[in-house]
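A.B. asks: Below is protein.txt; it holds compact mmCIF, C-alpha atoms and all ligand atoms.
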# COMPACT_ATOMS: atom_id res chain seq x y z
CA ARG M 1310 0.00 0.00 0.00
CA ILE M 1311 1.03 3.56 -0.65
CA VAL M 1312 0.36 5.80 2.34
CA TYR M 1313 0.58 9.55 2.81
CA VAL M 1314 2.81 11.04 5.53
CA ASP M 1315 3.41 14.77 5.78
CA GLY M 1316 3.54 15.66 2.11
CA GLN M 1317 4.97 12.36 0.84
CA TYR M 1318 3.37 9.36 -0.79
CA VAL M 1319 5.47 6.40 0.34
CA ASN M 1320 5.30 2.65 0.55
CA GLU M 1321 3.77 1.68 3.89
CA ALA M 1322 7.00 -0.11 4.85
CA ASP M 1323 8.94 3.14 4.44
CA ALA M 1324 6.54 5.42 6.34
CA LYS M 1325 8.01 6.90 9.53
CA ILE M 1326 6.53 8.80 12.49
CA SER M 1327 8.61 10.05 15.43
CA VAL M 1328 8.34 8.30 18.81
CA PHE M 1329 7.75 11.84 20.14
CA ASP M 1330 4.72 12.39 17.97
CA ARG M 1331 1.93 13.58 20.26
CA GLY M 1332 -0.56 11.33 18.49
CA PHE M 1333 1.53 8.36 19.65
CA LEU M 1334 2.31 9.63 23.18
CA PHE M 1335 -0.95 11.32 24.19
CA ALA M 1336 -3.54 10.38 21.54
CA ASP M 1337 -3.37 14.14 20.87
CA ALA M 1338 -4.85 13.71 17.41
CA VAL M 1339 -8.10 13.70 15.48
CA TYR M 1340 -9.20 11.47 12.63
CA GLU M 1341 -11.81 10.82 9.97
CA VAL M 1342 -12.81 7.77 7.97
CA THR M 1343 -14.47 8.41 4.63
CA ALA M 1344 -16.06 5.65 2.59
CA VAL M 1345 -14.93 5.04 -1.00
CA LEU M 1346 -17.24 3.60 -3.65
CA ASN M 1347 -16.48 3.37 -7.33
CA SER M 1348 -13.06 4.93 -6.50
CA LYS M 1349 -14.80 8.08 -5.29
CA LEU M 1350 -15.34 9.66 -1.87
CA VAL M 1351 -18.74 9.41 -0.17
CA GLU M 1352 -19.94 12.48 1.78
CA PHE M 1353 -16.48 14.04 1.87
CA ALA M 1354 -17.89 17.51 2.58
CA GLY M 1355 -19.50 16.26 5.80
CA HIS M 1356 -16.32 14.53 6.97
CA LEU M 1357 -14.23 17.59 6.19
CA GLU M 1358 -16.60 19.85 8.11
CA ARG M 1359 -16.47 17.55 11.16
CA LEU M 1360 -12.67 17.35 10.92
CA GLN M 1361 -12.45 21.14 10.94
CA ARG M 1362 -14.72 21.24 13.99
CA SER M 1363 -12.65 18.56 15.81
CA CYS M 1364 -9.49 20.61 15.09
CA ARG M 1365 -11.15 23.82 16.31
CA GLU M 1366 -12.30 22.21 19.54
CA LEU M 1367 -8.71 21.10 20.28
CA SER M 1368 -6.92 24.22 18.94
CA LEU M 1369 -5.25 22.01 16.37
CA THR M 1370 -4.18 23.72 13.16
CA MET M 1371 -5.07 21.96 9.91
CA PRO M 1372 -1.70 21.37 8.19
CA VAL M 1373 -3.09 21.80 4.67
CA ALA M 1374 -5.99 23.68 3.12
CA PRO M 1375 -9.33 21.83 2.86
CA ALA M 1376 -9.23 21.69 -0.94
CA GLN M 1377 -5.77 20.14 -0.79
CA LEU M 1378 -6.99 17.51 1.67
CA LYS M 1379 -9.51 16.38 -0.89
CA THR M 1380 -6.79 16.20 -3.55
CA ILE M 1381 -4.63 14.05 -1.25
CA HIS M 1382 -7.55 11.66 -0.71
CA GLU M 1383 -8.15 11.40 -4.45
CA GLU M 1384 -4.45 10.93 -5.20
CA LEU M 1385 -4.22 8.13 -2.64
CA ILE M 1386 -7.26 6.38 -4.12
CA LYS M 1387 -5.55 6.51 -7.51
CA LYS M 1388 -2.14 5.36 -6.28
CA ASN M 1389 -3.70 2.33 -4.56
CA ASN M 1390 -6.30 1.57 -7.24
CA LEU M 1391 -8.87 1.61 -4.46
CA VAL M 1392 -12.35 0.86 -5.74
CA GLU M 1393 -14.32 0.18 -2.54
CA GLY M 1394 -13.45 0.63 1.12
CA GLY M 1395 -12.37 3.60 3.17
CA ILE M 1396 -9.71 6.23 3.70
CA TYR M 1397 -8.36 6.93 7.17
CA LEU M 1398 -7.00 10.40 7.88
CA GLN M 1399 -5.25 11.48 11.06
CA ILE M 1400 -3.92 14.85 12.19
CA SER M 1401 -1.82 14.86 15.34
CA ARG M 1402 -0.30 17.85 17.15
CA GLY M 1403 3.04 16.75 15.78
CA ASN M 1404 6.48 15.94 17.10
CA ALA M 1405 7.59 18.32 19.87
CA GLY M 1406 10.91 16.48 20.26
CA ASP M 1407 10.19 15.34 23.83
CA ARG M 1408 7.37 14.19 26.07
CA ASP M 1409 5.68 17.22 27.61
CA PHE M 1410 1.95 17.48 28.34
CA ALA M 1411 1.71 21.21 27.51
CA PHE M 1412 1.03 22.10 23.87
CA PRO M 1413 4.15 22.90 21.85
CA GLY M 1414 4.62 26.27 20.16
CA ALA M 1415 3.44 27.09 16.67
CA GLU M 1416 6.83 26.06 15.25
CA VAL M 1417 5.80 22.41 15.74
CA LYS M 1418 3.80 21.36 12.69
CA PRO M 1419 0.93 18.89 12.93
CA THR M 1420 1.48 15.42 11.47
CA LEU M 1421 -0.86 14.42 8.65
CA VAL M 1422 -1.26 10.74 7.78
CA LEU M 1423 -3.65 9.00 5.38
CA PHE M 1424 -4.04 5.40 4.30
CA THR M 1425 -6.57 3.37 2.35
CA GLN M 1426 -8.46 0.22 3.38
CA SER M 1427 -9.94 -1.99 0.70
CA ARG M 1428 -13.09 -3.87 1.74
CA PRO M 1429 -16.62 -4.55 0.54
CA VAL M 1430 -19.00 -1.79 1.60
CA ILE M 1431 -22.09 -2.50 -0.49
CA ASP M 1432 -22.03 -6.30 -0.29
CA SER M 1433 -20.95 -6.73 3.31
CA PRO M 1434 -21.99 -10.16 4.67
CA LYS M 1435 -23.25 -8.42 7.84
CA VAL M 1436 -26.19 -6.99 5.91
CA LYS M 1437 -27.72 -10.43 5.48
CA THR M 1438 -26.79 -11.88 8.88
CA GLY M 1439 -27.09 -8.73 10.94
CA ILE M 1440 -24.85 -8.27 13.98
CA LYS M 1441 -25.11 -9.33 17.62
CA VAL M 1442 -24.42 -6.69 20.24
CA VAL M 1443 -23.92 -6.70 23.98
CA THR M 1444 -24.45 -3.75 26.31
CA MET M 1445 -21.70 -2.51 28.61
CA PRO M 1446 -20.82 0.67 30.52
CA ASP M 1447 -19.65 3.62 28.43
CA ILE M 1448 -16.31 4.47 30.04
CA ARG M 1449 -15.17 6.97 27.39
CA TRP M 1450 -14.27 10.60 28.11
CA HIS M 1451 -16.93 13.31 27.99
CA ARG M 1452 -16.12 14.86 24.60
CA ARG M 1453 -17.27 12.05 22.32
CA ASP M 1454 -18.39 14.70 19.83
CA ILE M 1455 -14.70 15.25 19.02
CA LYS M 1456 -13.35 12.49 16.79
CA THR M 1457 -10.07 11.84 18.59
CA VAL M 1458 -7.82 8.81 18.32
CA GLY M 1459 -8.13 8.08 22.06
CA LEU M 1460 -9.86 4.80 21.24
CA LEU M 1461 -8.82 2.41 23.99
CA ALA M 1462 -12.37 2.23 25.39
CA PRO M 1463 -13.86 1.18 22.02
CA CYS M 1464 -11.05 -1.39 21.63
CA LEU M 1465 -11.96 -2.83 25.04
CA ALA M 1466 -15.63 -2.78 24.02
CA LYS M 1467 -14.92 -4.77 20.84
CA GLU M 1468 -12.87 -7.27 22.85
CA TYR M 1469 -15.66 -7.61 25.41
CA ALA M 1470 -18.17 -8.16 22.61
CA HIS M 1471 -16.04 -10.83 20.94
CA ALA M 1472 -15.45 -12.59 24.28
CA ASN M 1473 -19.24 -12.70 24.71
CA ASP M 1474 -20.16 -14.17 21.33
CA ALA M 1475 -21.13 -10.78 19.88
CA ASP M 1476 -19.87 -8.53 17.10
CA ASP M 1477 -20.08 -5.20 18.85
CA ALA M 1478 -21.24 -3.31 21.92
CA PHE M 1479 -23.96 -0.80 22.73
CA LEU M 1480 -22.51 1.55 25.33
CA VAL M 1481 -24.64 2.54 28.31
CA GLU M 1482 -24.38 5.62 30.51
CA ASN M 1483 -26.76 6.55 33.35
CA GLY M 1484 -29.10 3.79 32.20
CA PHE M 1485 -29.34 4.94 28.57
CA ILE M 1486 -27.62 3.72 25.41
CA THR M 1487 -25.23 6.33 24.03
CA GLU M 1488 -24.04 4.67 20.79
CA GLY M 1489 -22.12 1.72 19.40
CA SER M 1490 -18.37 1.37 19.98
CA SER M 1491 -17.72 2.83 16.51
CA SER M 1492 -21.21 3.62 15.25
CA ASN M 1493 -24.45 5.39 16.09
CA ALA M 1494 -27.23 3.22 17.57
CA TYR M 1495 -30.93 3.09 16.70
CA ILE M 1496 -34.03 1.10 17.62
CA VAL M 1497 -37.30 0.79 15.71
CA LEU M 1498 -40.56 0.77 17.70
CA ALA M 1499 -43.68 -1.29 17.03
CA ASP M 1500 -45.19 1.62 15.02
CA ASN M 1501 -42.01 1.78 12.86
CA THR M 1502 -40.73 4.95 14.55
CA ILE M 1503 -36.94 5.14 14.61
CA VAL M 1504 -35.43 6.21 17.94
CA THR M 1505 -31.86 7.45 18.27
CA ARG M 1506 -30.05 9.53 20.87
CA PRO M 1507 -30.05 13.29 20.25
CA LEU M 1508 -26.79 15.08 19.42
CA SER M 1509 -24.72 16.27 22.40
CA ASN M 1510 -21.17 15.82 23.70
CA ASP M 1511 -22.20 12.27 24.68
CA ILE M 1512 -21.97 10.86 21.14
CA LEU M 1513 -20.13 11.35 17.90
CA HIS M 1514 -22.19 13.37 15.44
CA GLY M 1515 -22.25 10.74 12.71
CA ILE M 1516 -22.16 11.90 9.12
CA THR M 1517 -24.14 8.80 8.16
CA ARG M 1518 -26.62 9.45 10.99
CA LYS M 1519 -27.28 12.95 9.69
CA ALA M 1520 -27.98 11.68 6.17
CA LEU M 1521 -30.14 8.80 7.42
CA LEU M 1522 -32.39 11.09 9.44
CA VAL M 1523 -33.03 13.26 6.39
CA LEU M 1524 -33.68 10.18 4.21
CA ALA M 1525 -36.02 8.65 6.80
CA ALA M 1526 -38.10 11.83 7.01
CA ARG M 1527 -38.24 12.02 3.21
CA ASP M 1528 -39.39 8.39 3.11
CA GLY M 1529 -42.21 9.06 5.59
CA ILE M 1530 -40.48 7.16 8.43
CA LYS M 1531 -40.98 8.86 11.79
CA VAL M 1532 -37.85 9.66 13.80
CA GLU M 1533 -37.63 10.48 17.50
CA GLU M 1534 -34.33 11.85 18.76
CA ARG M 1535 -34.46 10.91 22.44
CA LEU M 1536 -32.74 8.73 25.02
CA PHE M 1537 -33.57 5.02 25.12
CA THR M 1538 -32.69 2.26 27.57
CA PRO M 1539 -31.32 -1.25 27.00
CA ASP M 1540 -34.70 -2.56 28.17
CA GLU M 1541 -36.50 -0.56 25.48
CA ALA M 1542 -33.98 -1.92 22.95
CA TYR M 1543 -34.64 -5.54 24.07
CA HIS M 1544 -38.32 -5.03 23.26
CA ALA M 1545 -37.84 -3.06 20.05
CA LYS M 1546 -39.04 -4.42 16.72
CA GLU M 1547 -35.67 -3.72 15.10
CA ALA M 1548 -32.31 -2.23 15.92
CA PHE M 1549 -29.43 -1.09 13.74
CA ILE M 1550 -26.16 0.83 13.67
CA SER M 1551 -24.73 3.32 11.20
CA SER M 1552 -21.24 4.51 10.29
CA ALA M 1553 -19.32 5.73 7.26
CA THR M 1554 -18.00 2.33 6.18
CA THR M 1555 -20.83 0.07 7.38
CA PHE M 1556 -23.64 2.40 6.16
CA VAL M 1557 -26.44 0.54 8.00
CA TRP M 1558 -26.04 -2.83 9.67
CA PRO M 1559 -29.07 -4.52 11.24
CA VAL M 1560 -28.74 -5.64 14.86
CA VAL M 1561 -30.38 -9.04 15.39
CA SER M 1562 -29.66 -9.65 19.07
CA ILE M 1563 -28.88 -7.59 22.16
CA ASP M 1564 -27.38 -9.29 25.23
CA GLY M 1565 -28.32 -12.68 23.76
CA LYS M 1566 -32.00 -11.74 23.30
CA PRO M 1567 -33.29 -11.70 19.73
CA VAL M 1568 -34.46 -8.31 18.48
CA GLY M 1569 -37.94 -8.76 16.95
CA ASP M 1570 -37.87 -12.06 15.08
CA GLY M 1571 -34.07 -12.20 15.28
CA LYS M 1572 -33.62 -11.34 11.58
CA PRO M 1573 -32.56 -8.07 9.89
CA GLY M 1574 -35.66 -5.86 9.97
CA PRO M 1575 -37.43 -4.23 7.00
CA ILE M 1576 -37.03 -0.63 8.23
CA SER M 1577 -33.28 -1.15 8.77
CA LEU M 1578 -32.90 -2.70 5.32
CA ARG M 1579 -35.07 -0.03 3.69
CA LEU M 1580 -32.93 2.71 5.23
CA ARG M 1581 -29.79 0.95 4.10
CA ASP M 1582 -31.17 0.68 0.57
CA ILE M 1583 -32.02 4.36 0.30
CA TYR M 1584 -28.66 5.33 1.78
CA VAL M 1585 -26.89 3.07 -0.74
CA GLU M 1586 -28.89 4.76 -3.53
CA LEU M 1587 -27.81 8.18 -2.28
CA ALA M 1588 -24.15 7.13 -2.01
CA LYS M 1589 -24.17 5.47 -5.44
CA ALA M 1590 -25.68 8.61 -6.99
CA GLU M 1591 -22.90 10.68 -5.43
CA VAL M 1592 -20.13 8.50 -6.90
CA ALA M 1593 -21.78 7.81 -10.27
N1 LIG M 1601 -20.00 6.89 16.81
C1 LIG M 1601 -18.73 6.51 16.97
C2 LIG M 1601 -18.20 6.33 18.37
C3 LIG M 1601 -17.90 6.30 15.86
O1 LIG M 1601 -16.62 5.92 16.03
C4 LIG M 1601 -18.45 6.47 14.55
C5 LIG M 1601 -17.64 6.31 13.34
O2 LIG M 1601 -16.86 5.48 13.14
C6 LIG M 1601 -19.79 6.83 14.43
C7 LIG M 1601 -20.53 7.06 15.58
C8 LIG M 1601 -20.43 7.01 13.09
O3 LIG M 1601 -20.01 8.21 12.48
P1 LIG M 1601 -19.93 8.32 10.89
O4 LIG M 1601 -21.29 7.97 10.37
O5 LIG M 1601 -19.58 9.74 10.65
O6 LIG M 1601 -18.88 7.36 10.46
Would you give me this structure, written as structure tokens?
Ligand code: PLP

C.D. replies:
Amino acid sequence: RIVYVDGQYVNEADAKISVFDRGFLFADAVYEVTAVLNSKLVEFAGHLERLQRSCRELSLTMPVAPAQLKTIHEELIKKNNLVEGGIYLQISRGNAGDRDFAFPGAEVKPTLVLFTQSRPVIDSPKVKTGIKVVTMPDIRWHRRDIKTVGLLAPCLAKEYAHANDADDAFLVENGFITEGSSSNAYIVLADNTIVTRPLSNDILHGITRKALLVLAARDGIKVEERLFTPDEAYHAKEAFISSATTFVWPVVSIDGKPVGDGKPGPISLRLRDIYVELAKAEVA
């Protein structure tokens, strides 16, 4: 794979980052993952806008202009002949030459890294099988609206899920589900209303979530943005998750209890279909 590191396109084996990089030492870095279909970016404008917000919230200076970021993405797609998958981008506060908690001066330039990941997005096997989730406490920090690389809690969540015969976790705080370990979480009520947690610092403001809520409304599907409990999720007709590279994946069991009839639900699959249509139109 060819990866991008600070202005250079290099073979992944030749890419180098300092041991003093603040992304490595402190997780002092933000990231984005943008889906790629038909060798083109999906919803790049939304991801760029969120990246700029993440940087602002952490007083992190974007190392290149937004238009150039898009060019780097497109160049990397070309260099890797990427047709379908995702592009990971990370901006860290750079290499201050030592380990010191305080921010370095403006002379220290942020580190910009991008790499591609090739994988099926449209024909993911999870669409047919759905995924199993388990609930567990949300032990993340309180600024989940900032997309930082401090991802140890989600790694632990994935491990916990796998150890408990599940694919992923629904995180719970003060008795309510916040989101998935790397996705937004939804349930569908008996009357086909979709329920998902409202935007706040408690969850990441998903780019896919935003699009899905618009598409649902346009399709005549009712949406309630409110808190919901694991118990409400156990008794829901359907449940699903969304993220940039999964789009929509149905959830077929929660804590070992089948959701609805234990199969991917029609509202989840309908939403996935209309999101796929939207994404395909964008990359046509
Ligand atoms: N919530 C969390 C914690 C995430 O890590 C992600 C993305 O990976 C999402 C939600 C979904 O956001 P998006 O749809 O922008 O990928």

A.B. asks: Please identify all polymer residues within 10 Å of M:Ala1466, counting only C-alpha atoms, omitting same-chain residues fewer than 3 positions from it, and present them as a PDB file with C-alpha atoms, in the frame of the given file.

C.D. replies:
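The resulting file, selection03.pdb, is reproduced below:
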ATOM      1  CA  VAL M1443     -23.920  -6.700  23.980  1.00  0.00           C
ATOM      2  CA  THR M1444     -24.450  -3.750  26.310  1.00  0.00           C
ATOM      3  CA  MET M1445     -21.700  -2.510  28.610  1.00  0.00           C
ATOM      4  CA  PRO M1446     -20.820   0.670  30.520  1.00  0.00           C
ATOM      5  CA  ASP M1447     -19.650   3.620  28.430  1.00  0.00           C
ATOM      6  CA  ILE M1448     -16.310   4.470  30.040  1.00  0.00           C
ATOM      7  CA  LEU M1460      -9.860   4.800  21.240  1.00  0.00           C
ATOM      8  CA  LEU M1461      -8.820   2.410  23.990  1.00  0.00           C
ATOM      9  CA  ALA M1462     -12.370   2.230  25.390  1.00  0.00           C
ATOM     10  CA  PRO M1463     -13.860   1.180  22.020  1.00  0.00           C
ATOM     11  CA  TYR M1469     -15.660  -7.610  25.410  1.00  0.00           C
ATOM     12  CA  ALA M1470     -18.170  -8.160  22.610  1.00  0.00           C
ATOM     13  CA  HIS M1471     -16.040 -10.830  20.940  1.00  0.00           C
ATOM     14  CA  ALA M1472     -15.450 -12.590  24.280  1.00  0.00           C
ATOM     15  CA  ASP M1476     -19.870  -8.530  17.100  1.00  0.00           C
ATOM     16  CA  ASP M1477     -20.080  -5.200  18.850  1.00  0.00           C
ATOM     17  CA  ALA M1478     -21.240  -3.310  21.920  1.00  0.00           C
ATOM     18  CA  PHE M1479     -23.960  -0.800  22.730  1.00  0.00           C
ATOM     19  CA  LEU M1480     -22.510   1.550  25.330  1.00  0.00           C
ATOM     20  CA  GLY M1489     -22.120   1.720  19.400  1.00  0.00           C
ATOM     21  CA  SER M1490     -18.370   1.370  19.980  1.00  0.00           C
ATOM     22  CA  SER M1491     -17.720   2.830  16.510  1.00  0.00           C
TER      23      SER M1491
END

A.B. asks: Can you work out which one of M:Leu1346, M:Ala1411, M:Val1561, M:Leu1578 has the shortest atom-to-atom distance to M:Ile1440, counting all atoms listed in the file?

C.D. replies: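 Checking each of M:Leu1346, M:Ala1411, M:Val1561, M:Leu1578 against M:Ile1440, counting all atoms listed in the file, the winner is M:Val1561.
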
A.B. asks: What's the 10 Å shell around M:Gln1399, counting only C-alpha atoms, without same-chain residues fewer than 5 positions away, as number ranges by chain?

C.D. replies: M: 1314, 1332, 1338-1342, 1360, 1419-1424, 1456-1458

A.B. asks: Could you write those residues out with C-alpha atoms, as a CSV table (one decimal), keeping the file's coordinate frame?

C.D. replies:
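This went into out-v9.csv:
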chain,number,residue,atom,x,y,z
M,1314,VAL,CA,2.8,11.0,5.5
M,1332,GLY,CA,-0.6,11.3,18.5
M,1338,ALA,CA,-4.8,13.7,17.4
M,1339,VAL,CA,-8.1,13.7,15.5
M,1340,TYR,CA,-9.2,11.5,12.6
M,1341,GLU,CA,-11.8,10.8,10.0
M,1342,VAL,CA,-12.8,7.8,8.0
M,1360,LEU,CA,-12.7,17.4,10.9
M,1419,PRO,CA,0.9,18.9,12.9
M,1420,THR,CA,1.5,15.4,11.5
M,1421,LEU,CA,-0.9,14.4,8.6
M,1422,VAL,CA,-1.3,10.7,7.8
M,1423,LEU,CA,-3.6,9.0,5.4
M,1424,PHE,CA,-4.0,5.4,4.3
M,1456,LYS,CA,-13.4,12.5,16.8
M,1457,THR,CA,-10.1,11.8,18.6
M,1458,VAL,CA,-7.8,8.8,18.3

A.B. asks: Find the residues around M:Glu1547 up to 9 Å (only C-alpha atoms counted), leave out those fewer than 6 positions away in its own chain, and share them as JSON, numbers by chain.

C.D. replies: {"M": [1495, 1496, 1497, 1498, 1499, 1501, 1503, 1559, 1560, 1561, 1568, 1569, 1570, 1571, 1572, 1573, 1574, 1575, 1576, 1577]}

A.B. asks: Write out, as JSON lines, each residue of chain M that has an atom at most 9 Å from ligand LIG 1601 (chain M), together with the closest pair of atoms and their distance in Å to one decimal, counting only C-alpha atoms and all ligand atoms, rows going by chain and rising number.

C.D. replies:
{"residue": "M:Glu1341", "atom": "CA", "partner": "M:LIG1601", "partner_atom": "O5", "distance": 7.9}
{"residue": "M:Val1342", "atom": "CA", "partner": "M:LIG1601", "partner_atom": "O6", "distance": 6.6}
{"residue": "M:Thr1343", "atom": "CA", "partner": "M:LIG1601", "partner_atom": "O6", "distance": 7.4}
{"residue": "M:Ala1344", "atom": "CA", "partner": "M:LIG1601", "partner_atom": "O6", "distance": 8.5}
{"residue": "M:Gly1355", "atom": "CA", "partner": "M:LIG1601", "partner_atom": "O5", "distance": 8.1}
{"residue": "M:His1356", "atom": "CA", "partner": "M:LIG1601", "partner_atom": "O5", "distance": 6.9}
{"residue": "M:Arg1359", "atom": "CA", "partner": "M:LIG1601", "partner_atom": "O5", "distance": 8.4}
{"residue": "M:Arg1453", "atom": "CA", "partner": "M:LIG1601", "partner_atom": "C2", "distance": 7.0}
{"residue": "M:Asp1454", "atom": "CA", "partner": "M:LIG1601", "partner_atom": "C2", "distance": 8.5}
{"residue": "M:Lys1456", "atom": "CA", "partner": "M:LIG1601", "partner_atom": "O1", "distance": 7.4}
{"residue": "M:Leu1460", "atom": "CA", "partner": "M:LIG1601", "partner_atom": "O1", "distance": 8.6}
{"residue": "M:Pro1463", "atom": "CA", "partner": "M:LIG1601", "partner_atom": "C2", "distance": 7.7}
{"residue": "M:Thr1487", "atom": "CA", "partner": "M:LIG1601", "partner_atom": "N1", "distance": 8.9}
{"residue": "M:Glu1488", "atom": "CA", "partner": "M:LIG1601", "partner_atom": "N1", "distance": 6.1}
{"residue": "M:Gly1489", "atom": "CA", "partner": "M:LIG1601", "partner_atom": "C2", "distance": 6.1}
{"residue": "M:Ser1490", "atom": "CA", "partner": "M:LIG1601", "partner_atom": "C2", "distance": 5.2}
{"residue": "M:Ser1491", "atom": "CA", "partner": "M:LIG1601", "partner_atom": "O1", "distance": 3.3}
{"residue": "M:Ser1492", "atom": "CA", "partner": "M:LIG1601", "partner_atom": "C7", "distance": 3.5}
{"residue": "M:Asn1493", "atom": "CA", "partner": "M:LIG1601", "partner_atom": "C7", "distance": 4.3}
{"residue": "M:Ala1494", "atom": "CA", "partner": "M:LIG1601", "partner_atom": "C7", "distance": 8.0}
{"residue": "M:Ile1512", "atom": "CA", "partner": "M:LIG1601", "partner_atom": "N1", "distance": 6.2}
{"residue": "M:Leu1513", "atom": "CA", "partner": "M:LIG1601", "partner_atom": "N1", "distance": 4.6}
{"residue": "M:His1514", "atom": "CA", "partner": "M:LIG1601", "partner_atom": "O3", "distance": 6.3}
{"residue": "M:Gly1515", "atom": "CA", "partner": "M:LIG1601", "partner_atom": "O3", "distance": 3.4}
{"residue": "M:Ile1516", "atom": "CA", "partner": "M:LIG1601", "partner_atom": "O5", "distance": 3.7}
{"residue": "M:Thr1517", "atom": "CA", "partner": "M:LIG1601", "partner_atom": "O4", "distance": 3.7}
{"residue": "M:Arg1518", "atom": "CA", "partner": "M:LIG1601", "partner_atom": "O4", "distance": 5.6}
{"residue": "M:Lys1519", "atom": "CA", "partner": "M:LIG1601", "partner_atom": "O4", "distance": 7.8}
{"residue": "M:Ala1520", "atom": "CA", "partner": "M:LIG1601", "partner_atom": "O4", "distance": 8.7}
{"residue": "M:Ile1550", "atom": "CA", "partner": "M:LIG1601", "partner_atom": "C8", "distance": 8.4}
{"residue": "M:Ser1551", "atom": "CA", "partner": "M:LIG1601", "partner_atom": "O4", "distance": 5.8}
{"residue": "M:Ser1552", "atom": "CA", "partner": "M:LIG1601", "partner_atom": "O4", "distance": 3.5}
{"residue": "M:Ala1553", "atom": "CA", "partner": "M:LIG1601", "partner_atom": "O6", "distance": 3.6}
{"residue": "M:Thr1554", "atom": "CA", "partner": "M:LIG1601", "partner_atom": "O6", "distance": 6.7}
{"residue": "M:Thr1555", "atom": "CA", "partner": "M:LIG1601", "partner_atom": "O6", "distance": 8.2}
{"residue": "M:Phe1556", "atom": "CA", "partner": "M:LIG1601", "partner_atom": "O4", "distance": 7.4}

A.B. asks: For a cut-off of 9 Å around (-37.6, 9.4, 12.1), file coordinates, pick out all residues using only C-alpha atoms and list them as a ChimeraX atom specification.

C.D. replies: /M:1501-1505,1521-1526,1529-1534

A.B. asks: Between M:Phe1485, M:Phe1329, M:Tyr1313, M:Tyr1584, which has the minimum distance to M:Gly1403 (counting all atoms listed in the file)?

C.D. replies: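 Of M:Phe1485, M:Phe1329, M:Tyr1313, M:Tyr1584, the one nearest M:Gly1403 is M:Phe1329, counting all atoms listed in the file.
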
A.B. asks: List the spatial neighbours of M:Val1328 as a list in words - criterion: any atom at most 12 Å away, all atoms listed in the file, same-chain residues fewer than 4 positions off excluded.

C.D. replies: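 Residues meeting the cut-off are Gly1332, Phe1333, Leu1334, Phe1335, Gly1403, Asn1404, Ala1405, Gly1406, Asp1407 and Arg1408 of chain M.
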
A.B. asks: Could you state the separation of atom CA of M:Lys1435 and atom CA of M:Asp1564 in Å, given to one decimal place?

C.D. replies: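 Distance between the two atoms: 17.9 Å.
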
A.B. asks: Point out the residue among M:Leu1508, M:Val1417, M:Cys1464, M:Ile1455 with the least atom-to-atom distance to M:Arg1362, counting all atoms listed in the file.

C.D. replies: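 Among M:Leu1508, M:Val1417, M:Cys1464, M:Ile1455, it is M:Ile1455 that comes nearest to M:Arg1362.
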
A.B. asks: Within 8 Å of stretch 1378-1391 of chain M, which residues of stretch 1325-1359 of chain M show up? Give each one with its shortest atom-to-atom distance in Å (one decimal) and the two atoms involved, counting only C-alpha atoms, rows by chain then rising residue number, as a Markdown table.

C.D. replies:
| residue | atom | partner | partner_atom | distance |
| --- | --- | --- | --- | --- |
| M:Val1345 | CA | M:Leu1391 | CA | 7.8 |
| M:Ser1348 | CA | M:Leu1391 | CA | 5.7 |
| M:Lys1349 | CA | M:Glu1383 | CA | 7.5 |
| M:Leu1350 | CA | M:Glu1383 | CA | 7.8 |
| M:Phe1353 | CA | M:Lys1379 | CA | 7.9 |

A.B. asks: Centre and edge lengths of an axis-aligned box around all listed atoms of stretch 1419-1424 of chain M, with 4 Å added on each side, are to be given in Å to one decimal, as lines of an AutoDock Vina configuration file.

C.D. replies:
center_x = -1.3
center_y = 12.1
center_z = 8.6
size_x = 13.5
size_y = 21.5
size_z = 16.6

A.B. asks: Separation of atom CA of M:Trp1450 and atom CA of M:Leu1369, in Å?

C.D. replies: 18.7 Å

A.B. asks: Using only C-alpha atoms, which of M:His1451, M:Arg1535, M:Arg1428, M:Arg1331 sits nearest M:Pro1413?

C.D. replies: M:Arg1331

A.B. asks: Between M:Ile1563, M:Ala1354, M:Ile1311, M:Leu1536, single out the one closest to M:Ala1475, counting all atoms listed in the file.

C.D. replies: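 Once distances to M:Ala1475 are computed over all atoms listed in the file, the minimum belongs to M:Ile1563.
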
A.B. asks: Calculate how many Å separate atom CA of M:Asp1528 from atom CA of M:Gly1395, rounding to one decimal.

C.D. replies: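 Distance reported for this atom pair: 27.4 Å.
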
A.B. asks: Pick from M:Val1351, M:Arg1310, M:Trp1558, M:Asp1323: nearest to M:Pro1434, with all atoms listed in the file counted?

C.D. replies: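 Selected residue with least distance to M:Pro1434: M:Trp1558.
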
A.B. asks: Missing atoms in stretch 1395-1400 of chain M: fill them in up to N, CA and C atoms and send the result as an mmCIF file, keeping the file's coordinate frame.

C.D. replies:
data_model
loop_
_atom_site.group_PDB
_atom_site.id
_atom_site.type_symbol
_atom_site.label_atom_id
_atom_site.label_comp_id
_atom_site.auth_asym_id
_atom_site.auth_seq_id
_atom_site.Cartn_x
_atom_site.Cartn_y
_atom_site.Cartn_z
ATOM 1 N N GLY M 1395 -12.383 2.341 2.425
ATOM 2 C CA GLY M 1395 -12.370 3.600 3.170
ATOM 3 C C GLY M 1395 -11.003 4.242 3.168
ATOM 4 N N ILE M 1396 -10.990 5.537 3.518
ATOM 5 C CA ILE M 1396 -9.710 6.230 3.700
ATOM 6 C C ILE M 1396 -9.673 6.778 5.115
ATOM 7 N N TYR M 1397 -8.595 6.442 5.818
ATOM 8 C CA TYR M 1397 -8.360 6.930 7.170
ATOM 9 C C TYR M 1397 -7.448 8.135 7.099
ATOM 10 N N LEU M 1398 -7.832 9.196 7.806
ATOM 11 C CA LEU M 1398 -7.000 10.400 7.880
ATOM 12 C C LEU M 1398 -6.773 10.724 9.341
ATOM 13 N N GLN M 1399 -5.550 11.089 9.682
ATOM 14 C CA GLN M 1399 -5.250 11.480 11.060
ATOM 15 C C GLN M 1399 -4.397 12.733 11.079
ATOM 16 N N ILE M 1400 -4.754 13.663 11.956
ATOM 17 C CA ILE M 1400 -3.920 14.850 12.190
ATOM 18 C C ILE M 1400 -3.539 14.843 13.667
#
